[in-house]
Amino acid sequence: MKSGKRIGILTSGGDCAGLNAVLRAVVHRAVEGYGWMVIGIHKGTNGLLSRPVECETLDLARFSGELLRRAGTVLGTTNTGNPFAFPQAGGGTRDRSNEIVDGLRLLELDALIGIGGDGSLKILRRLTRKAGLPLVGIPKTIDNDVAATEVSVGFASAVRVATDALDNLQPTAASHDRVMVLEVMGRDAGHIALAAGIAGGADIILIPEIPWRMDPIARKIDDLRKRDRNFALVVVAEAVLTEEGEPVMGWIGKSRKNYGGIGYYVGEAIANRTGAETRVTVLGHVQRGGAPVWRDRLIASAFGVRAVDLIAQGREDVMVAWNARSVTEMPLGKVVNEPHRVDPHGALVATARGLGICLGDE
Ligand code: F6P
């Protein structure tokens, strides 16, 4: 009979600040606390397609101190390799899930910890069910759109970067009498835009959850001018639609499109309508880097420890979550089907309106 468990861990989907802090917490709890072995799988599920499987044994020596402070993931990750529809070199996709299941079996794991957003967790759930392997999920994404948790690892650090950008844009906006448009990431959710916009003193915030029109924006800029404000800060979430209701996207390679560029559309629309001199900053992937802020390190640590404890208790098919000031767990089935978007009637939207921030609708 085995004396200790052997657990696998992988990071999946887009990286973010705080992933290494999760890995560190898991290794501490599992190795020190329970005497288990932790196998770190490389490049998300892609590492499970290689033979031998691309992985390493994670021990405390790997996490000597500096990794807690570093963004990215030492394990590597992927957001393009859905094993159920794996992209083929010549175009099209192929189901490679059986190879992943074999890879998991080769590792002889007792459980898997998957760190991912809702898309990755959904895929991992299907895979581990097929492999008959217990799964505990840990939510991470700068977009903060995972359901059933107030926050995911990486969100706070991304908001910090976007808020810093507004701090940097404000003096140059004021010096040149300009309207500065900042486009931020977030996929289909406006959480980064709303949080950073409030924290960074934006005058106008556009999020995909609230359709916008040019009239209220022009009125807001006019109001500011009447009050001798010579500049304006505008935050636009990447998934905001054009006035014609179209998303602004660009091709990544030949088969995939990503959001990007609505900031330029909004900047030009504002210039045409108000005569203001506008400049546009598309913040992009810098939001995924930088040292994780204390809140991400804290949540990452709490999630990592709890995930291991859940495995020790024999729990599976759950995701750790942060709710009501505490780490909790939620059934994974509840999490993966509906992304969590900004509530247009929620507290932060009310806060923005209370501050006189224009959200493009009134
Ligand atoms: O989901 C995280 C995220 O950074 C989104 O905010 C963004 O739309 C997307 O990933 C970018 O993906 P990629 O890294 O493939 O460019």
# chains A, B, ... in the order shown; residues from 1 in each chain; ligands from 1
call {"tool": "residues_near_ligand", "arguments": {"ligand": "ligand 1", "cutoff": "9 Å", "atoms": "only C-alpha atoms and all ligand atoms", "output": "ChimeraX atom specification"}}
result
/A:13-16,78-80,117,141-145,184-189,192,238-239,252,256-260,284-285,287-288
call {"tool": "select_by_dssp", "arguments": {"residues": "range 145-271 of chain A", "states": "alpha helix (DSSP H)", "output": "VMD selection string"}}
result
chain A and resid 155 to 176 191 to 199 214 to 226 262 to 271
call {"tool": "closest_residue", "arguments": {"among": "A:Pro87, A:Gly314, A:Gly154, A:Gly333", "to": "Arg295 in chain A", "atoms": "only C-alpha atoms"}}
result
A:Gly154
call {"tool": "closest_residue", "arguments": {"among": "A:Ala165, A:Val305, A:Leu104, A:Val181", "to": "Val27 in chain A", "atoms": "only C-alpha atoms"}}
result
A:Val305
call {"tool": "atom_distance", "arguments": {"atom1": "CA of Ser97 in chain A", "atom2": "CA of Thr128 in chain A"}}
result
10.1 Å
call {"tool": "decode", "arguments": {"residues": "range 256-269 of chain A", "atoms": "N, CA and C atoms", "output": "compact mmCIF listing (two decimals), in the first residue's frame"}}
result
# COMPACT_ATOMS: atom_id res chain seq x y z
N ARG A 256 -7.24 31.66 -35.67
CA ARG A 256 -7.77 32.15 -34.41
C ARG A 256 -7.83 33.67 -34.40
N LYS A 257 -8.90 34.22 -33.79
CA LYS A 257 -9.02 35.67 -33.68
C LYS A 257 -9.02 36.07 -32.22
N ASN A 258 -8.44 37.22 -31.93
CA ASN A 258 -8.46 37.78 -30.57
C ASN A 258 -9.01 39.19 -30.61
N TYR A 259 -9.58 39.63 -29.50
CA TYR A 259 -10.00 41.02 -29.41
C TYR A 259 -8.79 41.94 -29.49
N GLY A 260 -9.01 43.15 -29.97
CA GLY A 260 -7.94 44.15 -29.98
C GLY A 260 -8.23 45.25 -30.97
N GLY A 261 -8.20 46.50 -30.52
CA GLY A 261 -8.32 47.63 -31.44
C GLY A 261 -9.54 48.50 -31.23
N ILE A 262 -10.49 48.10 -30.36
CA ILE A 262 -11.67 48.95 -30.14
C ILE A 262 -11.26 50.32 -29.59
N GLY A 263 -10.13 50.37 -28.88
CA GLY A 263 -9.65 51.66 -28.36
C GLY A 263 -9.45 52.67 -29.48
N TYR A 264 -8.87 52.21 -30.60
CA TYR A 264 -8.65 53.12 -31.73
C TYR A 264 -9.97 53.60 -32.31
N TYR A 265 -10.92 52.68 -32.39
CA TYR A 265 -12.25 53.04 -32.91
C TYR A 265 -12.88 54.12 -32.03
N VAL A 266 -12.84 53.90 -30.71
CA VAL A 266 -13.47 54.85 -29.78
C VAL A 266 -12.71 56.19 -29.82
N GLY A 267 -11.38 56.12 -29.87
CA GLY A 267 -10.58 57.35 -29.92
C GLY A 267 -10.93 58.19 -31.14
N GLU A 268 -11.08 57.53 -32.28
CA GLU A 268 -11.41 58.27 -33.50
C GLU A 268 -12.83 58.83 -33.44
N ALA A 269 -13.73 58.02 -32.89
CA ALA A 269 -15.13 58.48 -32.78
C ALA A 269 -15.21 59.71 -31.89
